[in-house]
Every structure is written in C-alpha cells, then in structure tokens.
Amino acid sequence: MDADASQAEPVAKRVVLVGNPNVGKTTLFNRLCGLRNKTSNFPGTTQDARTGHVRHADAHLTDLPGIYSLEIDSSESAICRGVLAGTTAPGGEVVAAPDAVCVVVDATNIPRNLVLVAEAARRMLPMVVALNRVDVARKRGIHADEDVLAETLGVPVIVCSARTGEGLDDLARAMTKAAIPKDTPAPGMDGAEAWADRVSVAMGAADQGEASASLTDRLDHAFTHPLLGLGVFIAIMGAVFWTIFRLAAFPMDWIDGVFGNLAGTVEASLPAGILTDLLANGVIAGVGATVIFLPQIVILFFLIALLEDTGYLARASFVMDRVLRPFGMPGQAFVPMLSSHACALPGIMACRSIPDRRERLAAILVAPFMSCTARIPVYVMLTGLLFADSATKAALAFMGCYALGIFAGLFSSLIARRTILRGPSVPMAMELPTYTLPSVKRAAGEAAERGWLFLRKAGTVILAISIVLWWMSAYPKTADSQELIDARSTLAVKNIAVRPASPEALEQHVAEVTLLSEVLAKLEREYAIDSVRNSFAGKLGQAVEPIFAPMGADWRLSIGIVTRFAAREVFVSTMAVVIAGEDDAEAEGVLDEIASATRDNGTLLFYPAAAWALLVYYVLAMQCLPTLAVTAREAGGAKWALLQLAWMGGLAYVAGVAVFQVMVLAS
Amino acid sequence: MSDCCQGGMANEACAAACCALSELRVGEGGAVTAEAVAEADLAALRARGLGPKVSVVVRRRGSPCIVEVRRANGPACRIGMTKALARRVMVEPTVSASSLA
C-alpha cells in the first residue's frame, strides 16, 4: 500500500438506488442527499444518473433509472445490469461493482416490486431494502410485515416515507450495514415471480380493495375516449400554453432588460476594444439571447410535472398514441413535441421517456420542426410584411406556420421510420398510476432541475457557439470612412464650442446641429450596413447568394439566412442592420424601411413570392446550432445531427424554391 | 369453452378454455396463461406485472384496453395497453355470475 493511500480519508460506501418507476426513488434520493448532487450521463447513452453524498452517513449514493426488471431488453435495464456488474458507471464515477444496493419498494404494490428485489438478490451484492410510501399504504389498509422480508433475505428492511421523512435516518444508517442476501430465488422470471408471490403472501401485503375504483373508471374512460379524451387533451394543452406565454412574458422582459443593461454597462465602463466588444456583444448578448427562454422552460416543466403527478399524462399518452402511431411515433412522443414548441432543446431532452430506440430517434430528429418561440419574431415580421393591410390574414398565415411545422415533423417521422429507422413499432403498454393531487414542491424541484440543466448548457455549448457567431458577424472591422470621422468631429465641436449670442444665432445653431445629426445618423447607418457586408458572415452570405437566389433571396437575405444560426430571431435584427443600419427592429420607421426596401433592379426586397418562400424556408429549416449540439448528444452521435441538418435544410430549400418558382410562374 | 373463445382469436398454443384479453367485457376477469406471455416482445408487459397466472379484470375495452392487475392477493394496479397488444394476451376467463345465470 502506498503512503498516500494509507493516509487518505476512509472511502465512502458506494450505494446504488434501484427500483420500479414511480416508487418515489428520486424523492428519496433528494431527501437523503439534499440539493447538493450532480447529474452525469452514462457513457454513450442518453440515460443520466444523479449522484450525491448521503447526509449523516458515510455513503455515496447513485440514483439509477427506474426499471421494472433487470432482465428485459431495455436501455435502462442494461445500464442497471452494467452498474451492478461493475462494468459501467455514470461519467466521473468509479467503474466497479457497488458496495451496496438499495432496492426501493413501493409499499402499496409489494408483490410486483418484490420481483425486482428477487432479481437484485441474485447479484449477491450487499443489499438493503427501503419499503417506501408506507404512509400511503397505511391509508389504504395495507399493513405488510417487513420483518418477514428481512428474515427471508437476511438483509436490513427499512420502513420509510420519502414524502414525510419517516425512517430516512434509519435507512441512511442501514446503507452502511447492508448484507449479502441469504435466500436467492430460482433462475428466470418464473423463479423471481414465484419467490415474490410467496414472500408477499407471507408478509400479508393484501389491501382492502380500491375504494374509488368507480371514479377511476369514469376518469379513465373520459381521458382515453377517442373524442372526449382528445377534447380534454386539447383543452389542457391549450391552458398549458396559454399559461406559459402569459406568465413567461414578464420574466422574459426582465431578463431581456437585465442583459441589455449589462451589455450597455460593460460597453460604457470598459475601454473600447475587442475585449469589450467580445464581452458585451459576444458573451452577454449571446447568452442573453438563450437565457431569455429560461422562464418558458421552467414553467413548461413545472406544469408537465404537475400533470404527471396527477396521473393524467399516462392516459394522455394513449390518446396521442392514436394520432402519432400512424407516423411511426408512440404516444410518449407528445410531451417532447409539445416542449419543442417552447424550445427544441428541452423537447429533444424529453425524448428520453420514449423506450424504443428507433422511435426515440425519430422523435429527436423531427422535434425541431415544431415552431419554437424563437421563430415567432420572424413569423411576425414576414406575415406582417405579407399582409400589412389585414391583421386577420396575417394571423391565419402565422397559425399556418405552426401547422406546416407539425405536418413536416409528422411527415419526416413517417419517412424516417420507413427508411433509416425501419422496424416494428413497439405496442404501447403503460402502468396507469393512481390519480392523486399533484405535489407543487416536487414539480418545483423538477422545474428547477430542468432549468439548471438548461442554464449549464447556455453557459457552455451555447456560449461557445455564440462567441464564434458573434466573431463572424463583427469581424473583420470596417474602418470608419473619412466622411464619417469628419461628421462626428464637426458635430462634437458644434455641441461644445459654440455659445450663440442672440436668439437668431441660437436658432441657426440648432438648425445646423439638427442637419449635422441627420447627416451623421445616415453615415452611421451606411457604416453599419458596410460593416455587416464586409464581415465574415456577410461575405459568407454573399458567397451563398447564388444558392438561395432560386428562392428569391438576394445577398442581404442570404446574410440573414447565414446569421440565423446564432439564434433564429437574429434574422430580424440582421435585416434591421443590413437594410436600415439599425440593430433594433422595433425602432421607429425601421419596419417601414424594411418593407419598402428595394433590390438593385428596383423591385421590392420582400415581394410576395420571396417573402412566402422565405417564410416556408424558416418554418422548415434547421436554424439553431445549440439544437444540433443537443441532438448529437441525445441521439448518440454527430451523424444524427448532420442528418437532421441535411434533411431539414434540404426540405426547407426544396419547399422554398418550389413556393417561389410557382408563385413567380403564376404571376 | 366460454363464448369469447369461439371468436378465433386464440392461437394454437392457447388452451381451449382461453381467449384474448381484448375479448373480455368490462368487469370480466381471468388469469393470464403462461403461453400467452412467453413471446419476447411481451416481456415488458410481464415486467409490469402482467405475468402468468396473474388475475386481471378488464376496466375498459378497446384501445387502450385497461386492466386491473392483481398478483398474490396484493393490491391492484392498472395497466393500459393498445388493443393490438390486448389481442395477444391470452387469459383463462373466470366464470362470472352473469354467465352462470
């Protein structure tokens, strides 16, 4: 033994939590470890696990994915098998068999949960059983004798409730006293089930019957009815969306203001130069453009967690299964599709709930077709330009954009499932949880965790991408023209040096300053346009102009298409800069200037065929580098992100060209 | 043979007294037969508790087919499945009071 090792602190016991889904495992983990935990992925998978240190016990706890069985062919079960065998571990953790296994059993459904206990016992690892949710079990008249299980297995069995905190100190202590089971079931699923049945009968795990079965039946019937269920689903989702957009507007405005002020303060406080430019316009503006969606993401996941708690979402999955199945996606895909309407990043991450790999990949690939909120400014601008005299028509076109995105997503899923992701559909089967009142605390915790994950991504991948795109848009810097320098200095001198002696002289002075200010503003706008034109992004836009010309785009629109990768809504501000020399599209007169901008041949820049083609292109194109980064991570490889980029880009281009050419021919 | 077993849904492996879960009416129940859940693609269903000899009661017909599952006299839990899957789960129906009448 070397000296360092002999002097080291005693190593905490590595304990893993396994259990069926919805047995309160994660709540138990949070109670035992507090909020100081970290989330990391299992290498090469989309599954993540949380790790933390158990308070008041020398144990390092890992919360594994919820599984029904260790032996079935699913990614979650394979990970749990690997962890128990010591062949895999979450990123950053030691790859070795754990020191102990804590199997969490739902005290309200002991017979089924004991099957997993039996499978875990076969691993011959030190084990402890947490008989969780005893508070609910007692209310239902279930009084199982935990000593029977403890005597049968020869391992500690702790009665506890993660919700109330009952028995958690005992559980923490028991984790360090786990024992190797002395009774192991016969091999195979038959052996595990027979053992589970025998032990649960001995424990006396029977209940007094389901008192509210008729109410559950009525609710199940309503929520899964082909028409009524769909109506309820649309009403609930409509309410969810309404709440998200109404509530998120306030914090979004606040975040926008904070980042704007922060960038302004940095520019005003630091000496002008590349570092200030990088901080203000690269880092702060780039991260701000992403963080602004945090309120929508947090509210969305809070509401979804509430719905999940009630037991409704499992029923809604069956309603949506009828809609999505013909397109090769399961009912579970509806939450990712719904989330993607706020932002594709959490939408793609939510695809983890889809058990089948092919179906999950299909959902990941098509999620960005859903119109996220970042597209809204572009839709508003283009539909406003197309129907400047009719708000109703503009609104219909706006809604059509959403419909087109959904249709393209479903169509693309169908194509993918019949080609590269060909394979049988997995028939849907789900446990339908008991209807309960939702826990606001749990939903808040879930929303906070999702928000934190999003912020971490904004601070890493998205920050790096923002800096690169800022650099491409801002450099090389265009030198100030002599005319601009002269105008600035002349105005400065006029403002400082002159003190008119008479009212007439003052009037003349004001007129001169006003005229000079207008001239300077014009020169500044021309300078801004030249800066964008001469930047790397501008040059790229000019280089790709021949590619986008068949859909009616000139070099300015091509720049907008290139710079959109920073964030979709950047198209609007890019147009404001390229056409009007203003970086604020909402500034007075800018939209009018954009609407009346002309091409070199004198025709309108946004004439109907070009505007329609651009709108269709924007609905369908992959326009977000952070989304590609998340796709690569969640789908398990960059090839899927490249495929997504190529398919969406290709489809958008073909559709855009077709719309433009048909409209030109028709006119 | 019970009425529901005459619908042609039972496969060769299924005993004469068996029928598909999808053929049971609401409130009717039975015990899942071992042969019915032996297929690999039904393993997930079995892991959720719908294994051989498990008692089931149909709570909703059609798609989804919702059943109440109870094993070893334990508490019931509900499992929903598509009609296509319910057609492949074979059960030995429990004789109900209505059929005796």
# chains A, B, ... in the order shown; residues from 1 in each chain; ligands from 1
>>> interface_residues(of="chain A", to="chain B", cutoff="8 Å", atoms="only C-alpha atoms", output="PyMOL selection string")
chain A and resi 68-69+72+108-112+197-198+200-201+205-207+209-210+217+221+224+318+426-434
>>> residues_around(residues="region 86-101 of chain A", least_positions_apart="5", cutoff="12 Å", atoms="only C-alpha atoms", output="number ranges by chain")
A: 11-19, 38-52, 58-65, 78-81, 116-117, 119-130, 155-156, 174-181
>>> write_last_selection(atoms="C-alpha atoms", output="JSON list (two decimals), in the first residue's frame")
[["chain", "number", "residue", "atom", "x", "y", "z"],
["A", 11, "VAL", "CA", -13.66, 5.93, 1.28],
["A", 12, "ALA", "CA", -17.46, 6.29, 1.50],
["A", 13, "LYS", "CA", -19.52, 3.25, 0.60],
["A", 14, "ARG", "CA", -20.79, 3.42, -2.94],
["A", 15, "VAL", "CA", -24.51, 2.64, -2.84],
["A", 16, "VAL", "CA", -26.85, 2.48, -5.83],
["A", 17, "LEU", "CA", -30.61, 3.05, -5.72],
["A", 18, "VAL", "CA", -32.69, 0.75, -7.89],
["A", 19, "GLY", "CA", -36.44, 0.46, -8.09],
["A", 38, "LYS", "CA", -24.65, 16.22, -9.68],
["A", 39, "THR", "CA", -26.13, 14.77, -12.84],
["A", 40, "SER", "CA", -24.00, 12.95, -15.37],
["A", 41, "ASN", "CA", -24.57, 10.66, -18.32],
["A", 42, "PHE", "CA", -23.69, 7.04, -18.70],
["A", 43, "PRO", "CA", -21.07, 6.95, -21.45],
["A", 44, "GLY", "CA", -22.54, 6.55, -24.93],
["A", 45, "THR", "CA", -26.14, 6.66, -23.75],
["A", 46, "THR", "CA", -28.91, 9.19, -23.25],
["A", 47, "GLN", "CA", -29.51, 7.98, -19.71],
["A", 48, "ASP", "CA", -28.32, 10.08, -16.85],
["A", 49, "ALA", "CA", -27.90, 9.37, -13.17],
["A", 50, "ARG", "CA", -27.64, 11.61, -10.16],
["A", 51, "THR", "CA", -25.02, 11.12, -7.54],
["A", 52, "GLY", "CA", -24.69, 12.64, -4.10],
["A", 58, "ASP", "CA", -20.69, 7.66, 5.07],
["A", 59, "ALA", "CA", -22.29, 6.69, 1.77],
["A", 60, "HIS", "CA", -22.05, 7.96, -1.80],
["A", 61, "LEU", "CA", -25.41, 7.39, -3.48],
["A", 62, "THR", "CA", -26.21, 6.92, -7.19],
["A", 63, "ASP", "CA", -29.82, 7.12, -8.37],
["A", 64, "LEU", "CA", -30.23, 4.70, -11.29],
["A", 65, "PRO", "CA", -33.02, 4.88, -13.93],
["A", 78, "ALA", "CA", -28.97, -2.74, -19.50],
["A", 79, "ILE", "CA", -27.46, 0.21, -17.62],
["A", 80, "CYS", "CA", -28.61, -1.11, -14.25],
["A", 81, "ARG", "CA", -27.23, -4.58, -15.09],
["A", 116, "LEU", "CA", -37.10, -6.67, -8.82],
["A", 117, "VAL", "CA", -35.88, -7.40, -5.27],
["A", 119, "GLU", "CA", -33.58, -10.17, -9.39],
["A", 120, "ALA", "CA", -31.28, -7.88, -7.41],
["A", 121, "ALA", "CA", -30.76, -10.52, -4.71],
["A", 122, "ARG", "CA", -29.38, -12.88, -7.34],
["A", 123, "ARG", "CA", -26.43, -10.49, -7.86],
["A", 124, "MET", "CA", -25.15, -11.46, -4.39],
["A", 125, "LEU", "CA", -24.21, -7.88, -3.57],
["A", 126, "PRO", "CA", -24.70, -6.39, -0.10],
["A", 127, "MET", "CA", -28.31, -5.22, -0.09],
["A", 128, "VAL", "CA", -30.78, -3.11, 1.85],
["A", 129, "VAL", "CA", -34.49, -2.75, 1.08],
["A", 130, "ALA", "CA", -36.35, 0.54, 1.53],
["A", 155, "VAL", "CA", -30.79, -8.02, 4.84],
["A", 156, "PRO", "CA", -31.97, -4.80, 6.54],
["A", 174, "ALA", "CA", -28.67, 0.80, 7.19],
["A", 175, "MET", "CA", -26.91, 1.60, 3.91],
["A", 176, "THR", "CA", -23.57, 1.15, 5.65],
["A", 177, "LYS", "CA", -24.73, -2.14, 7.18],
["A", 178, "ALA", "CA", -26.04, -3.81, 4.03],
["A", 179, "ALA", "CA", -25.75, -7.59, 3.95],
["A", 180, "ILE", "CA", -25.48, -10.21, 1.23],
["A", 181, "PRO", "CA", -28.87, -11.93, 0.77]]
>>> select_by_dssp(residues="region 38-119 of chain A", states="helix (DSSP H, G or I)", output="compact mmCIF listing (two decimals) with C-alpha atoms, in the first residue's frame")
# COMPACT_ATOMS: atom_id res chain seq x y z
CA SER A 75 -31.59 0.58 -22.29
CA GLU A 76 -32.45 1.37 -18.66
CA SER A 77 -32.26 -2.28 -17.62
CA ALA A 78 -28.97 -2.74 -19.50
CA ILE A 79 -27.46 0.21 -17.62
CA CYS A 80 -28.61 -1.11 -14.25
CA ARG A 81 -27.23 -4.58 -15.09
CA GLY A 82 -23.92 -2.97 -16.06
CA VAL A 83 -23.72 -0.91 -12.87
CA LEU A 84 -24.44 -3.91 -10.64
CA ALA A 85 -21.89 -5.99 -12.57
CA ILE A 110 -45.34 -5.13 -2.83
CA PRO A 111 -45.92 -8.27 -4.96
CA ARG A 112 -44.78 -6.67 -8.21
CA ASN A 113 -41.93 -4.71 -6.62
CA LEU A 114 -40.56 -7.85 -4.99
CA VAL A 115 -39.82 -9.30 -8.44
CA LEU A 116 -37.10 -6.67 -8.82
CA VAL A 117 -35.88 -7.40 -5.27
CA ALA A 118 -35.57 -11.05 -6.27
CA GLU A 119 -33.58 -10.17 -9.39
>>> closest_residue(among="B:Thr94, B:Ala17, B:Gly29, B:Arg88", to="Val57 (chain B)", atoms="only C-alpha atoms")
B:Gly29
>>> select_by_dssp(residues="region 343-510 of chain A", states="strand (DSSP E or B)", output="list of chain:residue names")
A:Ala429, A:Met430, A:Glu431, A:Leu432
